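Q: Data file model11.tsv (TSV, C-alpha atoms and all ligand atoms) is appended below.
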chain	number	residue	atom	x	y	z
A	715	MET	CA	0.00	0.00	0.00
A	716	PRO	CA	1.50	3.36	-0.94
A	717	ARG	CA	1.53	5.79	1.94
A	718	LEU	CA	-0.25	9.10	1.57
A	719	ILE	CA	1.05	12.40	2.91
A	720	ASP	CA	-1.57	15.04	2.32
A	721	LEU	CA	-0.38	18.64	2.56
A	722	ARG	CA	-3.31	20.12	0.65
A	723	ARG	CA	-4.99	21.53	3.73
A	724	HIS	CA	-1.77	23.32	4.71
A	725	ASP	CA	-1.50	24.84	1.25
A	726	ALA	CA	-3.23	28.17	0.92
A	727	GLU	CA	-6.63	26.51	1.23
A	728	THR	CA	-8.18	29.94	1.07
A	729	HIS	CA	-8.07	29.81	-2.74
A	730	GLN	CA	-6.60	33.31	-2.53
A	731	ASP	CA	-4.66	33.12	-5.81
A	732	LEU	CA	-7.76	31.75	-7.51
A	733	LEU	CA	-9.94	34.61	-6.26
A	734	ASP	CA	-7.29	37.20	-7.19
A	735	GLY	CA	-7.21	35.70	-10.68
A	736	LEU	CA	-10.98	35.71	-11.06
A	737	TYR	CA	-11.09	39.45	-10.32
A	738	ALA	CA	-8.13	40.26	-12.57
A	739	SER	CA	-8.35	41.59	-16.09
A	740	PRO	CA	-8.31	39.45	-18.08
A	741	PRO	CA	-9.62	36.97	-15.51
A	742	ARG	CA	-7.47	33.86	-15.06
A	743	VAL	CA	-7.50	30.61	-13.16
A	744	PRO	CA	-4.37	28.73	-12.01
A	745	PRO	CA	-4.11	25.56	-14.13
A	746	ARG	CA	-4.02	23.26	-11.11
A	747	TYR	CA	-7.80	23.71	-10.96
A	748	PHE	CA	-8.08	21.48	-14.04
A	749	TYR	CA	-7.23	18.49	-11.94
A	750	ASP	CA	-10.18	17.23	-9.99
A	751	GLU	CA	-11.14	13.56	-10.40
A	752	LEU	CA	-12.81	14.10	-13.77
A	753	GLY	CA	-10.16	16.55	-14.93
A	754	SER	CA	-7.39	14.03	-14.26
A	755	ALA	CA	-9.31	11.39	-16.20
A	756	LEU	CA	-9.85	13.83	-19.07
A	757	PHE	CA	-6.15	14.64	-19.11
A	758	SER	CA	-5.34	10.92	-19.33
A	759	ALA	CA	-7.76	10.79	-22.27
A	760	ILE	CA	-5.96	13.73	-23.92
A	761	THR	CA	-2.69	11.81	-23.79
A	762	CYS	CA	-4.35	9.10	-25.93
A	763	LEU	CA	-5.27	11.56	-28.71
A	764	LEU	CA	-3.33	11.46	-31.95
A	765	GLU	CA	-3.26	15.27	-32.01
A	766	TYR	CA	-1.71	15.51	-28.54
A	767	TYR	CA	1.87	14.89	-29.65
A	768	PRO	CA	3.72	15.89	-26.39
A	769	SER	CA	2.86	12.64	-24.59
A	770	ARG	CA	3.36	10.59	-27.72
A	771	LEU	CA	6.81	12.04	-28.42
A	772	GLU	CA	7.92	11.84	-24.80
A	773	HIS	CA	6.79	8.23	-24.53
A	774	ALA	CA	8.73	7.44	-27.70
A	775	ILE	CA	11.89	8.94	-26.18
A	776	PHE	CA	11.47	7.00	-22.94
A	777	ASP	CA	10.57	3.76	-24.69
A	778	ARG	CA	13.69	4.03	-26.76
A	779	HIS	CA	16.16	5.33	-24.17
A	780	ALA	CA	14.76	4.37	-20.77
A	781	ARG	CA	17.59	2.02	-20.01
A	782	ALA	CA	20.31	4.49	-21.01
A	783	ILE	CA	18.52	7.18	-19.02
A	784	ALA	CA	18.31	4.97	-15.93
A	785	ASP	CA	22.02	4.10	-16.28
A	786	ARG	CA	22.92	7.77	-15.84
A	787	LEU	CA	21.07	8.02	-12.54
A	788	PRO	CA	22.21	6.94	-9.08
A	789	ARG	CA	21.29	3.54	-7.66
A	790	LYS	CA	18.95	3.50	-4.66
A	791	ALA	CA	17.62	6.91	-5.64
A	792	THR	CA	14.65	8.82	-4.33
A	793	LEU	CA	12.62	9.36	-7.49
A	794	VAL	CA	10.46	12.46	-7.05
A	795	ASP	CA	7.77	12.50	-9.71
A	796	LEU	CA	6.42	16.05	-10.03
A	797	GLY	CA	2.85	15.90	-11.31
A	798	ALA	CA	2.75	12.11	-11.29
A	799	GLY	CA	-0.83	11.90	-12.60
A	800	ASP	CA	-1.66	8.30	-13.47
A	801	GLY	CA	2.00	7.28	-13.12
A	802	SER	CA	2.32	6.44	-16.80
A	803	LYS	CA	5.28	8.77	-17.34
A	804	ALA	CA	7.38	7.39	-14.49
A	805	GLN	CA	6.51	3.78	-15.18
A	806	ARG	CA	8.75	3.72	-18.24
A	807	LEU	CA	11.70	4.73	-16.09
A	808	LEU	CA	10.87	2.84	-12.90
A	809	ARG	CA	11.22	-0.48	-14.64
A	810	TRP	CA	14.94	0.18	-15.18
A	811	LEU	CA	15.75	2.54	-12.33
A	812	ARG	CA	14.34	0.52	-9.44
A	813	PRO	CA	14.71	3.40	-6.95
A	814	ALA	CA	14.73	2.93	-3.17
A	815	GLN	CA	11.88	5.38	-2.92
A	816	TYR	CA	9.28	6.61	-5.35
A	817	VAL	CA	7.49	9.78	-4.27
A	818	ALA	CA	4.58	10.67	-6.56
A	819	VAL	CA	3.69	14.32	-6.08
A	820	ASP	CA	0.32	15.47	-7.35
A	821	ILE	CA	-2.54	17.79	-6.45
A	822	ALA	CA	-5.10	15.16	-7.58
A	823	ALA	CA	-3.78	12.50	-5.25
A	824	GLU	CA	-6.74	10.14	-5.38
A	825	SER	CA	-6.16	9.01	-8.94
A	826	THR	CA	-2.39	8.98	-8.36
A	827	ARG	CA	-2.90	6.75	-5.35
A	828	ARG	CA	-5.00	4.28	-7.31
A	829	ALA	CA	-2.31	4.15	-9.98
A	830	LEU	CA	0.40	3.45	-7.40
A	831	GLN	CA	-1.70	0.73	-5.82
A	832	CYS	CA	-1.68	-1.08	-9.17
A	833	MET	CA	2.05	-0.56	-9.65
A	834	ALA	CA	3.20	-1.46	-6.14
A	835	PRO	CA	3.23	-5.29	-6.55
A	836	ASP	CA	5.76	-4.94	-9.40
A	837	TYR	CA	8.10	-2.82	-7.28
A	838	SER	CA	8.36	-4.56	-3.96
A	839	ASP	CA	11.84	-3.09	-3.30
A	840	THR	CA	10.63	0.47	-3.79
A	841	GLY	CA	8.97	2.43	-1.01
A	842	MET	CA	5.98	4.20	-2.49
A	843	THR	CA	4.57	7.49	-1.26
A	844	VAL	CA	1.93	9.82	-2.64
A	845	LEU	CA	2.65	13.41	-1.66
A	846	ALA	CA	-0.57	15.37	-2.18
A	847	CYS	CA	0.27	19.04	-2.54
A	848	ASP	CA	0.23	22.08	-4.75
A	849	PHE	CA	3.83	22.66	-5.86
A	850	SER	CA	3.10	25.57	-8.19
A	851	THR	CA	4.81	28.04	-5.86
A	852	GLY	CA	7.64	25.69	-4.92
A	853	LEU	CA	8.01	22.16	-3.62
A	854	SER	CA	8.08	21.91	0.16
A	855	TRP	CA	9.56	18.63	1.25
A	856	PRO	CA	8.30	17.00	4.46
A	857	ARG	CA	11.35	16.35	6.63
A	858	ARG	CA	10.12	12.91	7.70
A	859	LEU	CA	10.21	11.71	4.10
A	860	GLY	CA	13.98	11.74	3.66
A	861	CYS	CA	15.48	12.43	0.27
A	862	GLU	CA	18.61	10.36	-0.32
A	863	ARG	CA	20.09	10.69	-3.82
A	864	PRO	CA	17.23	12.77	-5.16
A	865	VAL	CA	16.20	12.42	-8.80
A	866	PHE	CA	13.58	14.96	-9.75
A	867	PHE	CA	11.43	13.68	-12.58
A	868	PHE	CA	9.48	16.49	-14.20
A	869	ALA	CA	7.95	15.01	-17.31
A	870	GLY	CA	5.10	15.80	-19.68
A	871	SER	CA	6.28	19.38	-20.33
A	872	SER	CA	4.47	20.52	-17.20
A	873	ILE	CA	7.32	23.02	-16.73
A	874	GLY	CA	5.55	24.87	-19.58
A	875	ASN	CA	2.75	25.90	-17.21
A	876	PHE	CA	5.17	28.23	-15.40
A	877	LEU	CA	6.07	31.63	-16.76
A	878	PRO	CA	9.76	31.42	-17.72
A	879	ARG	CA	10.93	33.41	-14.68
A	880	GLN	CA	8.74	31.30	-12.38
A	881	ALA	CA	10.12	28.19	-14.04
A	882	ARG	CA	13.61	29.42	-13.19
A	883	SER	CA	12.80	30.01	-9.53
A	884	PHE	CA	10.91	26.73	-9.26
A	885	LEU	CA	13.88	24.79	-10.65
A	886	HIS	CA	16.23	26.81	-8.48
A	887	GLY	CA	14.14	25.68	-5.51
A	888	LEU	CA	14.78	22.06	-6.52
A	889	CYS	CA	18.50	22.83	-6.58
A	890	GLN	CA	18.22	24.15	-3.06
A	891	LEU	CA	16.41	21.00	-1.93
A	892	CYS	CA	19.27	18.94	-3.37
A	893	ARG	CA	21.73	21.06	-1.44
A	894	ASN	CA	19.90	20.30	1.78
A	895	SER	CA	19.95	16.57	1.12
A	896	ALA	CA	22.89	14.51	2.37
A	897	GLN	CA	24.52	14.30	-1.07
A	898	GLU	CA	24.33	18.02	-1.82
A	899	ARG	CA	23.76	17.31	-5.49
A	900	GLY	CA	20.77	16.00	-7.26
A	901	ASP	CA	19.63	14.89	-10.66
A	902	LEU	CA	16.86	16.33	-12.77
A	903	MET	CA	15.18	14.48	-15.62
A	904	ILE	CA	12.90	16.90	-17.36
A	905	GLY	CA	10.76	16.77	-20.52
A	906	VAL	CA	9.83	19.88	-22.46
A	907	ASP	CA	7.86	20.64	-25.58
A	908	LEU	CA	9.73	22.59	-28.27
A	909	VAL	CA	8.38	25.35	-30.53
A	910	LYS	CA	7.13	23.96	-33.81
A	911	ASP	CA	4.65	24.51	-36.65
A	912	PRO	CA	1.78	26.48	-35.05
A	913	ALA	CA	-0.80	24.30	-36.85
A	914	VAL	CA	0.56	21.20	-35.11
A	915	MET	CA	0.44	22.92	-31.71
A	916	GLN	CA	-3.02	24.29	-32.42
A	917	ALA	CA	-4.43	20.84	-33.21
A	918	ALA	CA	-2.91	19.45	-30.00
A	919	TYR	CA	-4.85	21.98	-27.90
A	920	ASP	CA	-8.07	21.89	-29.94
A	921	ASP	CA	-8.61	18.28	-30.93
A	922	ALA	CA	-11.34	17.12	-33.30
A	923	LEU	CA	-13.16	15.05	-30.69
A	924	GLY	CA	-13.40	17.92	-28.22
A	925	VAL	CA	-11.65	16.17	-25.34
A	926	THR	CA	-9.46	19.22	-24.68
A	927	ALA	CA	-12.56	21.43	-24.82
A	928	ALA	CA	-14.18	19.21	-22.18
A	929	PHE	CA	-10.98	19.30	-20.09
A	930	ASN	CA	-10.97	23.10	-20.26
A	931	ARG	CA	-14.68	23.54	-19.52
A	932	ASN	CA	-14.58	21.00	-16.69
A	933	LEU	CA	-12.46	23.54	-14.80
A	934	LEU	CA	-15.63	25.61	-14.27
A	935	ARG	CA	-17.48	22.59	-12.95
A	936	HIS	CA	-14.59	22.04	-10.54
A	937	LEU	CA	-14.77	25.69	-9.41
A	938	ASN	CA	-18.49	25.35	-8.81
A	939	GLY	CA	-17.67	22.64	-6.25
A	940	ALA	CA	-14.47	24.18	-4.85
A	941	ILE	CA	-15.69	27.72	-4.12
A	942	GLY	CA	-19.46	27.30	-4.43
A	943	ALA	CA	-19.61	29.15	-7.75
A	944	ASP	CA	-22.48	28.97	-10.22
A	945	PHE	CA	-20.74	29.01	-13.60
A	946	ASP	CA	-23.08	27.74	-16.33
A	947	VAL	CA	-20.65	25.59	-18.33
A	948	ASN	CA	-22.98	25.67	-21.33
A	949	HIS	CA	-22.18	29.33	-21.90
A	950	PHE	CA	-18.38	29.05	-21.96
A	951	HIS	CA	-16.54	27.88	-25.03
A	952	HIS	CA	-13.09	26.45	-25.48
A	953	HIS	CA	-10.55	28.51	-27.37
A	954	ALA	CA	-6.89	27.69	-27.94
A	955	CYS	CA	-4.29	29.86	-29.67
A	956	PHE	CA	-0.55	30.24	-30.04
A	957	ASN	CA	0.79	33.47	-28.56
A	958	GLU	CA	3.87	33.97	-30.67
A	959	GLU	CA	5.30	36.87	-28.71
A	960	SER	CA	5.34	34.80	-25.49
A	961	SER	CA	5.98	31.50	-27.29
A	962	ARG	CA	3.13	29.75	-25.61
A	963	MET	CA	-0.12	27.99	-26.30
A	964	GLU	CA	-2.98	29.58	-24.43
A	965	MET	CA	-6.33	28.13	-23.49
A	966	TRP	CA	-9.27	30.39	-22.87
A	967	LEU	CA	-12.91	30.00	-21.92
A	968	LEU	CA	-15.02	32.49	-23.83
A	969	PRO	CA	-18.52	33.36	-22.57
A	970	ASP	CA	-21.07	33.53	-25.40
A	971	ALA	CA	-22.95	36.35	-23.61
A	972	ASP	CA	-22.35	38.38	-20.44
A	973	GLN	CA	-22.34	35.97	-17.51
A	974	GLN	CA	-23.13	37.01	-13.95
A	975	VAL	CA	-21.39	34.47	-11.76
A	976	ARG	CA	-21.55	34.24	-7.96
A	977	TRP	CA	-19.36	32.36	-5.52
A	978	GLN	CA	-19.15	32.08	-1.74
A	979	GLN	CA	-17.43	35.37	-1.02
A	980	GLY	CA	-18.33	37.35	-4.08
A	981	GLY	CA	-18.88	37.26	-7.78
A	982	ARG	CA	-18.58	39.26	-10.97
A	983	VAL	CA	-19.74	39.60	-14.53
A	984	PHE	CA	-17.67	37.89	-17.21
A	985	HIS	CA	-18.28	39.92	-20.32
A	986	ALA	CA	-18.91	38.35	-23.70
A	987	GLY	CA	-15.77	39.89	-25.16
A	988	GLU	CA	-13.51	38.95	-22.28
A	989	GLY	CA	-12.41	35.35	-21.88
A	990	LEU	CA	-10.92	33.59	-18.88
A	991	LEU	CA	-7.30	32.54	-19.34
A	992	THR	CA	-7.04	29.00	-18.00
A	993	GLU	CA	-3.64	27.81	-19.20
A	994	CYS	CA	-0.35	28.96	-20.64
A	995	SER	CA	1.81	26.22	-22.02
A	996	HIS	CA	5.22	27.64	-22.87
A	997	LYS	CA	7.16	26.19	-25.76
A	998	TYR	CA	10.95	26.42	-25.67
A	999	THR	CA	13.80	26.23	-28.10
A	1000	ARG	CA	16.58	23.82	-27.25
A	1001	ALA	CA	18.97	26.72	-26.65
A	1002	GLY	CA	16.41	28.65	-24.63
A	1003	PHE	CA	15.80	25.71	-22.36
A	1004	ARG	CA	19.52	25.18	-21.77
A	1005	LEU	CA	19.74	28.82	-20.68
A	1006	LEU	CA	16.83	28.33	-18.31
A	1007	LEU	CA	18.42	25.28	-16.70
A	1008	ALA	CA	21.75	27.07	-16.35
A	1009	ALA	CA	20.10	30.12	-14.79
A	1010	ALA	CA	18.37	27.83	-12.30
A	1011	GLY	CA	21.68	26.26	-11.27
A	1012	PHE	CA	21.62	23.04	-13.27
A	1013	ASP	CA	24.36	21.61	-15.49
A	1014	VAL	CA	23.02	19.83	-18.55
A	1015	GLN	CA	24.44	16.31	-18.74
A	1016	HIS	CA	22.64	14.90	-21.75
A	1017	GLU	CA	19.75	15.61	-24.13
A	1018	TRP	CA	17.46	13.25	-26.00
A	1019	LEU	CA	15.20	14.31	-28.87
A	1020	ASP	CA	12.47	12.41	-30.66
A	1021	ALA	CA	12.90	11.74	-34.39
A	1022	SER	CA	10.93	14.87	-35.38
A	1023	GLU	CA	12.98	17.01	-32.95
A	1024	GLY	CA	9.78	18.37	-31.51
A	1025	TYR	CA	10.32	17.28	-27.92
A	1026	LEU	CA	13.28	17.30	-25.58
A	1027	VAL	CA	14.19	15.21	-22.56
A	1028	CYS	CA	17.05	16.63	-20.56
A	1029	HIS	CA	19.25	15.18	-17.85
A	1030	ALA	CA	20.78	17.86	-15.64
A	1031	ARG	CA	22.62	17.92	-12.34
A	1032	SER	CA	22.45	20.59	-9.69
A	1033	CYS	CA	25.71	22.41	-9.15
B	1101	LIG	C1	0.10	18.77	-18.43
B	1101	LIG	C2	0.47	21.10	-18.47
B	1101	LIG	C3	1.79	19.68	-19.81
B	1101	LIG	O1	0.19	22.10	-21.20
B	1101	LIG	O2	0.15	20.51	-22.65
B	1101	LIG	C4	-3.07	19.35	-22.24
B	1101	LIG	C5	-1.93	20.20	-20.09
B	1101	LIG	N1	-3.57	21.33	-21.60
B	1101	LIG	N2	-3.94	19.87	-23.12
B	1101	LIG	C6	-0.03	20.93	-21.52
B	1101	LIG	C7	-2.84	20.28	-21.28
B	1101	LIG	C8	-4.26	21.05	-22.72
B	1101	LIG	C9	-0.51	19.95	-20.46
B	1101	LIG	N3	0.43	19.89	-19.29
Translate this file's structure into structure tokens.
Ligand code: AVJ

A:
Amino acid sequence: MPRLIDLRRHDAETHQDLLDGLYASPPRVPPRYFYDELGSALFSAITCLLEYYPSRLEHAIFDRHARAIADRLPRKATLVDLGAGDGSKAQRLLRWLRPAQYVAVDIAAESTRRALQCMAPDYSDTGMTVLACDFSTGLSWPRRLGCERPVFFFAGSSIGNFLPRQARSFLHGLCQLCRNSAQERGDLMIGVDLVKDPAVMQAAYDDALGVTAAFNRNLLRHLNGAIGADFDVNHFHHHACFNEESSRMEMWLLPDADQQVRWQQGGRVFHAGEGLLTECSHKYTRAGFRLLLAAAGFDVQHEWLDASEGYLVCHARSC
């Protein structure tokens, strides 16, 4: 049985950043609110779509190089899976790495826990923990967990959800955690989506079946439960676009008419012309990402690309 450490109540459970975002102009919602039970299931469904190339390309890299990747990492590691989801990203590596400890960090810990329960019998030598927390403003590591030979596994291009300067300080925070561990250094295995033909990116965030649209709109349903809001999901439409200036895909929810929405401590009108920004997914160049890692205090050790050179997996070490 994987053990569960739940820090979600200690996190700013006031939803303060959410409320600040809802009142902002344009209004925005932190992307972690995608991931309730249904949202996590919808994201897993997205990763099965032909259009959603990031998972496909990353899986291809890990399927091809998992063994070589594992060989670069320390034995008896603590594998820290940031945004573990259904565990499918780490599974490709776990098979070869066989770490002493596997810590699956996720805000939607229930589905992560179920996934780990299924995996546990195959990894009897690995201690399994689900760490339920919001790490969007930095990972706080419970002392009692221990972190010998840390390997931070940040896959799926989730780093793209941070603004570049936040990405730098988040990664710098991981460096600092390594420094506090007994070994002083730590490894980072990170996957990132690279800038490519806008039409390819567009299709990935606006698929023909409408799974991404459902994923985006489900966020409002989640908010209705989380803060007692009364968003009418029928009046908000999915919109995805590439913001070239900021090199990022953006997802918006556009109201089809003015919407008066109330929640526990307030409310506002969302005007027909003014969408809610629900996600920014930054796309890097290979050189740009190297600079980011260096600025955060990591030395790049090795890079793997898929055949189309559209996705990058990077091994770096804190210095
Ligand atoms: C999990 C944040 C990497 O940005 O591509 C998928 C989430 N959004 N389709 C991404 C997502 C729309 C995904 N990340």

Q: Counting all atoms listed in the file, select every polymer residue within 9 Å of (-24.5, 34.2, -22.7) as defined in the file's coordinates, and provide the selection as a VMD selection string.

A: chain A and resid 948 to 950 969 to 973 985 to 986

Q: Of the candidates A:Ile719, A:Ala1010, A:Leu968, A:Leu933, which shows the shortest atom-to-atom distance to ligand LIG 1101 (chain B), using all atoms listed in the file?

A: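 Answer, going by the shortest atom-to-atom distance: A:Leu933.
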
Q: Report the distance between atom CA of A:Ala1009 and atom C3 of ligand LIG 1101 (chain B) in Å, rounded to one decimal place.

A: 21.7 Å

Q: What do you get as a list in words if you pick all residues at most 6 Å from ligand LIG 1101 (chain B), counting all atoms listed in the file?

A: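 Counting all atoms listed in the file, the residues within 6 Å of ligand LIG 1101 (chain B) come out as Gly870, Ser871, Ser872, Asn875, Tyr919, Thr926 and Ser995 of chain A.
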
Q: Quick one: distance from atom CA of A:Tyr749 to atom CA of A:Arg982 in Å, one decimal?

A: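 For atom CA of A:Tyr749 relative to atom CA of A:Arg982, the distance reads 23.7 Å.
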
Q: Write out as a ChimeraX atom specification which residues come within 7 Å of A:Val909 when counting only C-alpha atoms, dropping same-chain ones fewer than 3 positions away.

A: /A:997-999

Q: If we draw a sphere of 12 Å around (3.8, 20.0, -24.2), which residues have at least one atom in it when counting all atoms listed in the file? Please report them as a tab-separated table (two decimals) with C-alpha atoms, in the coordinates of the input.

A:
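Contents of part-v4.tsv, freshly written:
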chain	number	residue	atom	x	y	z
A	760	ILE	CA	-5.96	13.73	-23.92
A	761	THR	CA	-2.69	11.81	-23.79
A	765	GLU	CA	-3.26	15.27	-32.01
A	766	TYR	CA	-1.71	15.51	-28.54
A	767	TYR	CA	1.87	14.89	-29.65
A	768	PRO	CA	3.72	15.89	-26.39
A	769	SER	CA	2.86	12.64	-24.59
A	770	ARG	CA	3.36	10.59	-27.72
A	771	LEU	CA	6.81	12.04	-28.42
A	772	GLU	CA	7.92	11.84	-24.80
A	869	ALA	CA	7.95	15.01	-17.31
A	870	GLY	CA	5.10	15.80	-19.68
A	871	SER	CA	6.28	19.38	-20.33
A	872	SER	CA	4.47	20.52	-17.20
A	873	ILE	CA	7.32	23.02	-16.73
A	874	GLY	CA	5.55	24.87	-19.58
A	875	ASN	CA	2.75	25.90	-17.21
A	904	ILE	CA	12.90	16.90	-17.36
A	905	GLY	CA	10.76	16.77	-20.52
A	906	VAL	CA	9.83	19.88	-22.46
A	907	ASP	CA	7.86	20.64	-25.58
A	908	LEU	CA	9.73	22.59	-28.27
A	909	VAL	CA	8.38	25.35	-30.53
A	910	LYS	CA	7.13	23.96	-33.81
A	914	VAL	CA	0.56	21.20	-35.11
A	915	MET	CA	0.44	22.92	-31.71
A	916	GLN	CA	-3.02	24.29	-32.42
A	918	ALA	CA	-2.91	19.45	-30.00
A	919	TYR	CA	-4.85	21.98	-27.90
A	962	ARG	CA	3.13	29.75	-25.61
A	963	MET	CA	-0.12	27.99	-26.30
A	964	GLU	CA	-2.98	29.58	-24.43
A	993	GLU	CA	-3.64	27.81	-19.20
A	994	CYS	CA	-0.35	28.96	-20.64
A	995	SER	CA	1.81	26.22	-22.02
A	996	HIS	CA	5.22	27.64	-22.87
A	997	LYS	CA	7.16	26.19	-25.76
A	998	TYR	CA	10.95	26.42	-25.67
A	1024	GLY	CA	9.78	18.37	-31.51
A	1025	TYR	CA	10.32	17.28	-27.92
A	1026	LEU	CA	13.28	17.30	-25.58
A	1027	VAL	CA	14.19	15.21	-22.56

Q: Using all atoms listed in the file, pick whichever of A:Leu752, A:Ala954, A:Val865, A:Leu763 has the shortest atom-to-atom distance to A:Ala804.

A: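 Ranking A:Leu752, A:Ala954, A:Val865, A:Leu763 by distance to A:Ala804, first place goes to A:Val865.
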
Q: For each of A:Cys1033, A:Leu811, A:Ala780, A:Val947, take the minimum atom-to-atom distance to A:Arg899, counting only C-alpha atoms, then give the residue where this is smallest.

A: A:Cys1033

Q: Could you work out how far atom CA of A:Arg809 lies from atom CA of A:Ala784, giving the answer in Å with one decimal?

A: 9.0 Å

Q: Find the residues around A:Met833 up to 12 Å (only C-alpha atoms counted), leave out those fewer than 2 positions away in its own chain, and share them as a CSV table (one decimal) with C-alpha atoms, in the coordinates of the input.

A:
chain,number,residue,atom,x,y,z
A,715,MET,CA,0.0,0.0,0.0
A,716,PRO,CA,1.5,3.4,-0.9
A,800,ASP,CA,-1.7,8.3,-13.5
A,801,GLY,CA,2.0,7.3,-13.1
A,802,SER,CA,2.3,6.4,-16.8
A,804,ALA,CA,7.4,7.4,-14.5
A,805,GLN,CA,6.5,3.8,-15.2
A,806,ARG,CA,8.8,3.7,-18.2
A,808,LEU,CA,10.9,2.8,-12.9
A,809,ARG,CA,11.2,-0.5,-14.6
A,816,TYR,CA,9.3,6.6,-5.4
A,818,ALA,CA,4.6,10.7,-6.6
A,826,THR,CA,-2.4,9.0,-8.4
A,827,ARG,CA,-2.9,6.8,-5.4
A,828,ARG,CA,-5.0,4.3,-7.3
A,829,ALA,CA,-2.3,4.2,-10.0
A,830,LEU,CA,0.4,3.4,-7.4
A,831,GLN,CA,-1.7,0.7,-5.8
A,835,PRO,CA,3.2,-5.3,-6.6
A,836,ASP,CA,5.8,-4.9,-9.4
A,837,TYR,CA,8.1,-2.8,-7.3
A,838,SER,CA,8.4,-4.6,-4.0
A,839,ASP,CA,11.8,-3.1,-3.3
A,840,THR,CA,10.6,0.5,-3.8
A,841,GLY,CA,9.0,2.4,-1.0
A,842,MET,CA,6.0,4.2,-2.5
A,843,THR,CA,4.6,7.5,-1.3
